[in-house]
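Trainee: File run-v2.pdb below, PDB, C-alpha atoms (C1' of nucleotides):
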```
ATOM      1  CA  MET W   1       3.334 -39.188  26.247
ATOM      2  CA  PRO W   2       5.361 -36.772  24.137
ATOM      3  CA  VAL W   3       4.507 -33.144  24.826
ATOM      4  CA  PRO W   4       1.946 -32.591  27.609
ATOM      5  CA  LEU W   5      -1.219 -31.278  26.047
ATOM      6  CA  TYR W   6      -1.406 -28.120  28.113
ATOM      7  CA  GLN W   7       2.077 -27.256  26.949
ATOM      8  CA  ALA W   8       1.087 -27.767  23.324
ATOM      9  CA  LYS W   9      -1.895 -25.517  23.934
ATOM     10  CA  ALA W  10       0.287 -22.846  25.484
ATOM     11  CA  GLU W  11       2.647 -22.952  22.511
ATOM     12  CA  PHE W  12      -0.309 -22.707  20.191
ATOM     13  CA  PHE W  13      -1.585 -19.566  21.886
ATOM     14  CA  ARG W  14       1.879 -18.086  22.027
ATOM     15  CA  MET W  15       2.100 -18.656  18.301
ATOM     16  CA  LEU W  16      -0.995 -16.475  17.936
ATOM     17  CA  GLY W  17       0.350 -13.801  20.263
ATOM     18  CA  HIS W  18       1.708 -11.227  17.868
ATOM     19  CA  PRO W  19      -0.167  -8.419  16.124
ATOM     20  CA  VAL W  20       1.310  -9.119  12.707
ATOM     21  CA  ARG W  21       0.505 -12.811  12.938
ATOM     22  CA  ILE W  22      -3.079 -12.015  13.914
ATOM     23  CA  ARG W  23      -3.421  -9.629  11.001
ATOM     24  CA  VAL W  24      -2.103 -12.276   8.618
ATOM     25  CA  LEU W  25      -4.561 -14.895   9.845
ATOM     26  CA  GLU W  26      -7.417 -12.431   9.547
ATOM     27  CA  LEU W  27      -6.439 -11.486   6.011
ATOM     28  CA  LEU W  28      -6.059 -15.119   4.972
ATOM     29  CA  GLN W  29      -9.635 -15.805   6.016
ATOM     30  CA  ASP W  30     -10.685 -14.088   2.777
ATOM     31  CA  GLY W  31      -8.609 -16.573   0.805
ATOM     32  CA  PRO W  32      -4.975 -17.179  -0.144
ATOM     33  CA  LYS W  33      -2.746 -14.135  -0.514
ATOM     34  CA  ALA W  34       0.709 -13.445  -1.886
ATOM     35  CA  VAL W  35       3.334 -12.116   0.484
ATOM     36  CA  ARG W  36       3.446  -8.940  -1.540
ATOM     37  CA  ASP W  37      -0.262  -8.350  -0.876
ATOM     38  CA  LEU W  38       0.101  -9.024   2.824
ATOM     39  CA  LEU W  39       2.953  -6.588   2.881
ATOM     40  CA  ALA W  40       0.779  -3.950   1.253
ATOM     41  CA  GLU W  41      -1.863  -4.287   3.944
ATOM     42  CA  ILE W  42       0.296  -4.602   7.029
ATOM     43  CA  ASP W  43       2.632  -1.926   8.237
ATOM     44  CA  VAL W  44       5.803  -3.926   8.769
ATOM     45  CA  GLU W  45       9.260  -4.489   7.257
ATOM     46  CA  ALA W  46       9.475  -7.275   4.704
ATOM     47  CA  SER W  47      12.020  -9.218   6.712
ATOM     48  CA  SER W  48       9.982  -8.897   9.860
ATOM     49  CA  LEU W  49       6.888 -10.134   8.059
ATOM     50  CA  SER W  50       8.902 -13.054   6.744
ATOM     51  CA  ALA W  51       9.959 -13.942  10.252
ATOM     52  CA  GLN W  52       6.370 -13.899  11.470
ATOM     53  CA  LEU W  53       5.216 -15.935   8.475
ATOM     54  CA  ALA W  54       7.901 -18.459   9.355
ATOM     55  CA  VAL W  55       6.422 -18.787  12.835
ATOM     56  CA  LEU W  56       2.978 -19.445  11.376
ATOM     57  CA  ARG W  57       4.412 -21.926   8.891
ATOM     58  CA  ARG W  58       6.336 -23.868  11.506
ATOM     59  CA  SER W  59       3.189 -24.266  13.564
ATOM     60  CA  GLY W  60       1.380 -25.656  10.534
ATOM     61  CA  ILE W  61      -1.530 -23.224  10.687
ATOM     62  CA  VAL W  62      -0.706 -21.831   7.240
ATOM     63  CA  THR W  63       0.820 -23.245   4.074
ATOM     64  CA  ALA W  64       3.142 -21.505   1.638
ATOM     65  CA  THR W  65       3.359 -22.364  -2.035
ATOM     66  CA  ARG W  66       5.637 -20.831  -4.573
ATOM     67  CA  GLU W  67       3.918 -19.517  -7.709
ATOM     68  CA  GLY W  68       6.402 -18.177 -10.186
ATOM     69  CA  SER W  69       8.390 -15.533  -8.467
ATOM     70  CA  THR W  70       5.933 -14.945  -5.655
ATOM     71  CA  VAL W  71       4.894 -16.998  -2.640
ATOM     72  CA  VAL W  72       1.265 -17.495  -1.728
ATOM     73  CA  TYR W  73       0.095 -18.188   1.803
ATOM     74  CA  ALA W  74      -3.169 -19.857   2.797
ATOM     75  CA  LEU W  75      -4.844 -21.159   5.914
ATOM     76  CA  ALA W  76      -4.011 -24.827   6.300
ATOM     77  CA  GLY W  77      -7.597 -25.682   7.183
ATOM     78  CA  GLY W  78      -8.893 -25.706  10.708
ATOM     79  CA  ASP W  79     -11.658 -23.375  11.692
ATOM     80  CA  VAL W  80      -9.568 -20.322  12.441
ATOM     81  CA  ALA W  81     -12.640 -18.118  12.154
ATOM     82  CA  GLU W  82     -14.287 -19.957  15.010
ATOM     83  CA  LEU W  83     -11.219 -19.511  17.169
ATOM     84  CA  LEU W  84     -10.841 -15.822  16.453
ATOM     85  CA  GLY W  85     -14.568 -15.373  16.969
ATOM     86  CA  ALA W  86     -14.460 -16.983  20.391
ATOM     87  CA  ALA W  87     -11.474 -14.844  21.275
ATOM     88  CA  ARG W  88     -13.254 -11.708  20.135
ATOM     89  CA  ARG W  89     -16.301 -12.471  22.223
ATOM     90  CA  ILE W  90     -14.264 -12.880  25.386
ATOM     91  CA  LEU W  91     -12.106  -9.904  24.557
ATOM     92  CA  THR W  92     -15.164  -7.722  24.066
ATOM     93  CA  GLU W  93     -16.335  -8.636  27.543
ATOM     94  CA  LEU W  94     -12.949  -7.989  29.045
ATOM     95  CA  LEU W  95     -12.632  -4.599  27.425
ATOM     96  CA  ALA W  96     -16.165  -3.691  28.489
ATOM     97  CA  GLY W  97     -15.268  -4.691  32.025
ATOM     98  CA  GLN W  98     -12.212  -2.503  31.937
ATOM     99  CA  ASN W  99     -14.271   0.419  30.709
ATOM    100  CA  GLU W 100     -16.712  -0.027  33.551
ATOM    101  CA  LEU W 101     -13.869  -0.016  35.981
ATOM    102  CA  LEU W 102     -12.455   3.089  34.393
ATOM    103  CA  ALA W 103     -15.837   4.791  34.553
ATOM    104  CA  GLN W 104     -16.117   3.977  38.241
ATOM    105  CA  LEU W 105     -12.716   5.387  38.922
ATOM    106  CA  LEU W 106     -13.650   8.594  37.148
ATOM    107  CA  GLU W 107     -16.909   8.875  39.060
ATOM    108  CA  GLU W 108     -15.387   8.430  42.457
ATOM    109  CA  PRO W 109     -12.228  10.466  42.689
ATOM    110  CA  ALA W 110     -10.682   9.502  45.991
TER     111      ALA W 110
ATOM    112  CA  MET B 111      -9.027   4.700  18.430
ATOM    113  CA  PRO B 112      -7.091   3.642  21.518
ATOM    114  CA  VAL B 113      -5.455   0.258  21.110
ATOM    115  CA  PRO B 114      -5.829  -1.268  17.644
ATOM    116  CA  LEU B 115      -8.033  -4.324  17.912
ATOM    117  CA  TYR B 116      -5.547  -6.745  16.398
ATOM    118  CA  GLN B 117      -3.043  -5.658  19.001
ATOM    119  CA  ALA B 118      -5.543  -6.283  21.792
ATOM    120  CA  LYS B 119      -6.157  -9.707  20.299
ATOM    121  CA  ALA B 120      -2.463 -10.469  20.171
ATOM    122  CA  GLU B 121      -2.065  -9.457  23.814
ATOM    123  CA  PHE B 122      -5.013 -11.615  24.701
ATOM    124  CA  PHE B 123      -3.457 -14.672  23.079
ATOM    125  CA  ARG B 124      -0.094 -13.941  24.589
ATOM    126  CA  MET B 125      -1.797 -13.850  27.969
ATOM    127  CA  LEU B 126      -2.951 -17.412  27.291
ATOM    128  CA  GLY B 127       0.484 -18.520  26.104
ATOM    129  CA  HIS B 128       1.878 -20.198  29.194
ATOM    130  CA  PRO B 129       1.378 -23.783  30.362
ATOM    131  CA  VAL B 130       0.632 -22.845  33.962
ATOM    132  CA  ARG B 131      -1.909 -20.239  32.915
ATOM    133  CA  ILE B 132      -3.635 -22.757  30.654
ATOM    134  CA  ARG B 133      -3.769 -25.288  33.476
ATOM    135  CA  VAL B 134      -5.289 -22.711  35.798
ATOM    136  CA  LEU B 135      -8.000 -21.777  33.323
ATOM    137  CA  GLU B 136      -8.791 -25.424  32.734
ATOM    138  CA  LEU B 137      -9.038 -26.125  36.457
ATOM    139  CA  LEU B 138     -11.229 -23.082  37.040
ATOM    140  CA  GLN B 139     -13.745 -24.386  34.539
ATOM    141  CA  ASP B 140     -14.882 -26.800  37.247
ATOM    142  CA  GLY B 141     -15.585 -23.886  39.548
ATOM    143  CA  PRO B 142     -13.712 -21.470  41.829
ATOM    144  CA  LYS B 143     -10.565 -22.758  43.477
ATOM    145  CA  ALA B 144      -8.277 -21.582  46.263
ATOM    146  CA  VAL B 145      -4.666 -20.881  45.386
ATOM    147  CA  ARG B 146      -3.656 -23.700  47.694
ATOM    148  CA  ASP B 147      -5.707 -26.165  45.639
ATOM    149  CA  LEU B 148      -4.282 -24.908  42.360
ATOM    150  CA  LEU B 149      -0.847 -25.287  43.835
ATOM    151  CA  ALA B 150      -1.617 -28.890  44.758
ATOM    152  CA  GLU B 151      -2.573 -29.739  41.186
ATOM    153  CA  ILE B 152       0.076 -27.851  39.262
ATOM    154  CA  ASP B 153       3.763 -28.580  39.518
ATOM    155  CA  VAL B 154       5.155 -25.091  40.077
ATOM    156  CA  GLU B 155       6.685 -22.895  42.790
ATOM    157  CA  ALA B 156       4.210 -20.832  44.795
ATOM    158  CA  SER B 157       5.805 -17.561  43.784
ATOM    159  CA  SER B 158       5.808 -18.544  40.143
ATOM    160  CA  LEU B 159       2.146 -19.510  40.309
ATOM    161  CA  SER B 160       1.415 -16.157  41.936
ATOM    162  CA  ALA B 161       3.139 -14.375  39.099
ATOM    163  CA  GLN B 162       1.096 -16.263  36.516
ATOM    164  CA  LEU B 163      -2.125 -15.639  38.454
ATOM    165  CA  ALA B 164      -1.239 -11.961  38.428
ATOM    166  CA  VAL B 165      -1.050 -12.060  34.644
ATOM    167  CA  LEU B 166      -4.489 -13.636  34.445
ATOM    168  CA  ARG B 167      -5.875 -11.134  36.943
ATOM    169  CA  ARG B 168      -4.490  -8.120  35.130
ATOM    170  CA  SER B 169      -6.117  -9.284  31.919
ATOM    171  CA  GLY B 170      -9.451  -9.557  33.700
ATOM    172  CA  ILE B 171     -10.127 -13.153  32.690
ATOM    173  CA  VAL B 172     -10.185 -14.293  36.317
ATOM    174  CA  THR B 173     -11.188 -12.694  39.605
ATOM    175  CA  ALA B 174      -9.563 -13.154  42.996
ATOM    176  CA  THR B 175     -11.417 -12.819  46.282
ATOM    177  CA  ARG B 176      -9.965 -13.154  49.708
ATOM    178  CA  GLU B 177     -11.752 -15.593  52.012
ATOM    179  CA  GLY B 178     -10.247 -15.624  55.432
ATOM    180  CA  SER B 179      -6.615 -16.456  55.073
ATOM    181  CA  THR B 180      -6.908 -17.944  51.603
ATOM    182  CA  VAL B 181      -7.553 -16.427  48.180
ATOM    183  CA  VAL B 182     -10.068 -17.935  45.795
ATOM    184  CA  TYR B 183      -9.841 -17.545  42.037
ATOM    185  CA  ALA B 184     -12.694 -17.882  39.572
ATOM    186  CA  LEU B 185     -13.339 -17.322  35.888
ATOM    187  CA  ALA B 186     -14.625 -13.807  35.388
ATOM    188  CA  GLY B 187     -17.317 -14.986  32.978
ATOM    189  CA  GLY B 188     -16.795 -15.249  29.260
ATOM    190  CA  ASP B 189     -17.053 -18.550  27.546
ATOM    191  CA  VAL B 190     -13.557 -19.775  28.153
ATOM    192  CA  ALA B 191     -14.650 -23.329  27.446
ATOM    193  CA  GLU B 192     -15.661 -22.360  23.929
ATOM    194  CA  LEU B 193     -12.318 -20.726  23.331
ATOM    195  CA  LEU B 194     -10.278 -23.637  24.635
ATOM    196  CA  GLY B 195     -12.496 -26.007  22.671
ATOM    197  CA  ALA B 196     -11.895 -24.157  19.417
ATOM    198  CA  ALA B 197      -8.193 -24.142  20.151
ATOM    199  CA  ARG B 198      -8.195 -27.842  20.873
ATOM    200  CA  ARG B 199      -9.936 -28.642  17.616
ATOM    201  CA  ILE B 200      -7.370 -26.741  15.575
ATOM    202  CA  LEU B 201      -4.510 -28.079  17.624
ATOM    203  CA  THR B 202      -5.694 -31.633  17.094
ATOM    204  CA  GLU B 203      -5.605 -31.082  13.351
ATOM    205  CA  LEU B 204      -2.185 -29.511  13.489
ATOM    206  CA  LEU B 205      -0.743 -32.329  15.558
ATOM    207  CA  ALA B 206      -2.334 -34.913  13.263
ATOM    208  CA  GLY B 207      -0.768 -33.147  10.294
ATOM    209  CA  GLN B 208       2.616 -33.221  11.960
ATOM    210  CA  ASN B 209       2.247 -36.923  12.639
ATOM    211  CA  GLU B 210       1.443 -37.568   8.998
ATOM    212  CA  LEU B 211       4.504 -35.664   7.999
ATOM    213  CA  LEU B 212       6.581 -37.617  10.451
ATOM    214  CA  ALA B 213       5.162 -40.886   9.155
ATOM    215  CA  GLN B 214       6.058 -39.915   5.600
ATOM    216  CA  LEU B 215       9.561 -39.065   6.620
ATOM    217  CA  LEU B 216       9.933 -42.447   8.299
ATOM    218  CA  GLU B 217       8.558 -44.267   5.251
ATOM    219  CA  GLU B 218      10.833 -42.629   2.764
ATOM    220  CA  PRO B 219      14.295 -42.494   4.214
ATOM    221  CA  ALA B 220      16.285 -40.404   1.761
TER     222      ALA B 220
ATOM    223  C1'  DT T 221      24.734 -15.593 -18.582
ATOM    224  C1'  DG T 222      23.579 -11.402 -16.001
ATOM    225  C1'  DT T 223      20.477  -8.940 -13.354
ATOM    226  C1'  DC T 224      16.126  -7.539 -11.347
ATOM    227  C1'  DG T 225      12.331  -8.269  -7.979
ATOM    228  C1'  DA T 226      10.324 -11.190  -4.386
ATOM    229  C1'  DA T 227      11.082 -13.442  -0.329
ATOM    230  C1'  DT T 228      13.841 -15.607   3.111
ATOM    231  C1'  DT T 229      17.768 -16.139   6.262
ATOM    232  C1'  DG T 230      21.503 -14.988   9.608
ATOM    233  C1'  DA T 231      23.496 -12.197  13.011
ATOM    234  C1'  DA T 232      23.440  -8.636  16.544
ATOM    235  C1'  DG T 233      21.255  -5.931  19.784
ATOM    236  C1'  DA T 234      17.010  -4.487  22.289
ATOM    237  C1'  DA T 235      13.014  -5.724  24.761
ATOM    238  C1'  DA T 236       9.819  -8.730  27.058
ATOM    239  C1'  DT T 237       9.020 -12.855  29.832
ATOM    240  C1'  DC T 238      10.097 -16.493  33.373
ATOM    241  C1'  DT T 239      12.088 -18.460  37.403
ATOM    242  C1'  DT T 240      14.120 -18.230  41.797
ATOM    243  C1'  DC T 241      15.031 -16.444  46.232
ATOM    244  C1'  DA T 242      14.264 -13.261  49.821
ATOM    245  C1'  DA T 243      11.267 -10.138  51.905
ATOM    246  C1'  DT T 244       6.609  -8.536  52.784
ATOM    247  C1'  DT T 245       1.509  -8.389  53.594
ATOM    248  C1'  DC T 246      -2.597  -9.972  55.661
ATOM    249  C1'  DG T 247      -5.645 -12.970  58.433
ATOM    250  C1'  DA T 248      -6.097 -16.244  62.011
ATOM    251  C1'  DC T 249      -5.375 -17.495  66.495
ATOM    252  C1'  DA T 250      -3.001 -18.472  70.754
TER     253       DA T 250
ATOM    254  C1'  DT H 251       0.921  -8.563  70.899
ATOM    255  C1'  DG H 252       3.486 -12.287  68.663
ATOM    256  C1'  DT H 253       3.730 -15.689  65.347
ATOM    257  C1'  DC H 254       2.206 -19.000  61.930
ATOM    258  C1'  DG H 255       0.472 -20.083  57.244
ATOM    259  C1'  DA H 256      -1.122 -18.373  52.785
ATOM    260  C1'  DA H 257      -0.154 -15.573  49.140
ATOM    261  C1'  DT H 258       2.020 -11.800  46.860
ATOM    262  C1'  DT H 259       5.834  -8.762  45.595
ATOM    263  C1'  DG H 260      10.529  -7.150  44.259
ATOM    264  C1'  DA H 261      14.936  -7.836  42.381
ATOM    265  C1'  DA H 262      18.422 -10.352  39.758
ATOM    266  C1'  DG H 263      19.670 -13.305  36.208
ATOM    267  C1'  DA H 264      18.642 -16.461  32.388
ATOM    268  C1'  DT H 265      15.983 -17.304  28.336
ATOM    269  C1'  DT H 266      13.089 -16.190  24.569
ATOM    270  C1'  DT H 267      11.259 -13.194  21.210
ATOM    271  C1'  DC H 268      11.406  -9.191  18.048
ATOM    272  C1'  DT H 269      13.399  -5.863  14.948
ATOM    273  C1'  DT H 270      16.792  -4.285  11.854
ATOM    274  C1'  DC H 271      20.281  -4.612   8.467
ATOM    275  C1'  DA H 272      23.027  -7.132   5.334
ATOM    276  C1'  DA H 273      23.494 -11.066   2.632
ATOM    277  C1'  DT H 274      21.414 -14.846   0.095
ATOM    278  C1'  DT H 275      18.185 -17.743  -2.724
ATOM    279  C1'  DC H 276      15.184 -18.464  -6.460
ATOM    280  C1'  DG H 277      12.456 -17.368 -10.635
ATOM    281  C1'  DA H 278      11.751 -14.485 -14.483
ATOM    282  C1'  DC H 279      13.390 -12.472 -18.392
ATOM    283  C1'  DA H 280      16.266  -9.714 -21.406
TER     284       DA H 280
END
```
Would you mind writing the file out in structure tokens?

Mentor:
Amino acid sequence: MPVPLYQAKAEFFRMLGHPVRIRVLELLQDGPKAVRDLLAEIDVEASSLSAQLAVLRRSGIVTATREGSTVVYALAGGDVAELLGAARRILTELLAGQNELLAQLLEEPA
Amino acid sequence: MPVPLYQAKAEFFRMLGHPVRIRVLELLQDGPKAVRDLLAEIDVEASSLSAQLAVLRRSGIVTATREGSTVVYALAGGDVAELLGAARRILTELLAGQNELLAQLLEEPA
DNA sequence: TGTCGAATTGAAGAAATCTTCAATTCGACA
DNA sequence: TGTCGAATTGAAGATTTCTTCAATTCGACA
């Protein structure tokens, strides 16, 4: 019994828990992309992007292959779209709930 | 445009990124549970569990209701099972991939 | 070979997160 | 009212994560 499963799950979600990493995964759903292209679409320093790409690589959710002088990243497989979709559905509910709450607070000033 | 969506997503995943919080969500899938019962099933200090429950509460993914002298937590709705399922499928692949890699390394000692 | 561009790495400091311990709140109940 | 149990909160300290800047690696190509 190496790593307890719930700990592996927690690490997995933590790996997803960064705006730049989310953006990268979303962009890679349209197909492989060179670092340079990712950099053009995400507002972040090159070295910071590299660090976040390294996190994704270490987890195994993306692969990096060198092509000439550039490096191309791709999803390693796995239905990332399904995961992000499920997350979006829940998130939509949560945000809606928060808006309701906000609306109530505005209606009933103490 | 309040919070960019990819940032909300990242925060959402970060909220999931803790072993105790994962355990709680898994346990709550069987129905509402009192804090005392969660505490009995998870190996953690009471105050630490409280802190993690507070994180879940603030995100809105669970609700807490006081019943007499105990507090009962429940999933706030949202298909958490679907999300955890999607995560497990990807995670299974990733772990399998890592095992392959490990096996290769053991086969071909440099 | 020398150098340019693309990408990564290392180190240092800032910021966020976790755990622990002590103190506090809130019902229940004698 | 006084006190017990359940749960939360606050503060302090340790750990992890992120960003930035400088230095480095690796191809490409003149």

Trainee: Between CA of Gly141 (chain B) and CA of Ala184 (chain B), what distance in Å does the model show, to one decimal?

Mentor: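 Separation of CA of Gly141 (chain B) and CA of Ala184 (chain B): 6.7 Å.
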
Trainee: Please, which residues in chain H fall within 12 Å of chain B when counting all atoms listed in the file, and what is the closest atom pair and distance in Å to one decimal for each, ordered by chain then residue number, as CSV?

Mentor:
```
residue,atom,partner,partner_atom,distance
H:DC254,C1',B:Ser179,CA,11.5
H:DG255,C1',B:Ser179,CA,8.3
H:DA256,C1',B:Thr180,CA,5.9
H:DA257,C1',B:Ser160,CA,7.4
H:DT258,C1',B:Ser160,CA,6.6
H:DT259,C1',B:Ser157,CA,9.0
H:DG260,C1',B:Ser157,CA,11.4
H:DT267,C1',B:Arg124,CA,11.9
```

Trainee: Produce a file of the selected residues containing C-alpha atoms (C1' of nucleotides), as a compact mmCIF listing (two decimals), in the coordinates of the input.

Mentor:
```txt
# COMPACT_ATOMS: atom_id res chain seq x y z
C1' DC H 254 2.21 -19.00 61.93
C1' DG H 255 0.47 -20.08 57.24
C1' DA H 256 -1.12 -18.37 52.78
C1' DA H 257 -0.15 -15.57 49.14
C1' DT H 258 2.02 -11.80 46.86
C1' DT H 259 5.83 -8.76 45.60
C1' DG H 260 10.53 -7.15 44.26
C1' DT H 267 11.26 -13.19 21.21
```

Trainee: With the PyMOL selection byres ((chain T and resi 236) around 9) as the selection, what would be picked from this file? Answer as a list in words, please.

Mentor: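 Selected by the PyMOL selection byres ((chain T and resi 236) around 9) in this file: DA235 and DT237 of chain T; DT266 and DT267 of chain H.
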
Trainee: Might you spell out which residues the PyMOL selection byres ((chain T) within 12 of (chain W)) would select in the displayed file, as a list in words?

Mentor: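 Applying the expression gives DC224, DG225, DA226, DA227, DT228, DT229, DG230 and DT237 of chain T.
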
Trainee: Spell out the residues picked by the PyMOL selection byres ((chain W) within 9 of (chain B)) here, as a PyMOL selection string.

Mentor: chain W and resi 6-23+59-61+76-80+82-91+93-95+97-98

Trainee: I need the residue nearest DT240 (chain T) from this list: B:Gln214, B:Asn209, B:Ser158, B:Thr175. Use all atoms listed in the file for the distance.

Mentor: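 Of all the options, B:Ser158 lies closest to DT240 (chain T).
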
Trainee: If we count only C-alpha atoms (C1' of nucleotides) and set the cut-off at 12 Å, which residues sit around DA261 (chain H), ignoring sequence neighbours fewer than 3 positions away in its own chain? Please answer as a PDB file with C-alpha atoms (C1' of nucleotides), in the coordinates of the input.

Mentor:
```pdb
ATOM      1  C1'  DT T 240      14.120 -18.230  41.797  1.00  0.00           C
ATOM      2  C1'  DC T 241      15.031 -16.444  46.232  1.00  0.00           C
ATOM      3  C1'  DA T 242      14.264 -13.261  49.821  1.00  0.00           C
ATOM      4  C1'  DA T 243      11.267 -10.138  51.905  1.00  0.00           C
TER       5       DA T 243
END
```

Trainee: Record the distance separating C1' of DT223 (chain T) and CA of Leu38 (chain W), expressed in Å with one decimal.

Mentor: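 Separation of C1' of DT223 (chain T) and CA of Leu38 (chain W): 26.0 Å.
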
Trainee: Box along x, y and z, 6 Å on every side, all listed atoms of region 93-105 of chain W inside: centre and edge lengths in Å to one decimal, as JSON.

Mentor:
```
{"center_x": -14.5, "center_y": -1.6, "center_z": 33.2, "size_x": 16.5, "size_y": 26.0, "size_z": 23.5}
```

Trainee: Find the distance between CA of Val62 (chain W) and CA of Val24 (chain W) and write it in Å to one decimal.

Mentor: 9.8 Å
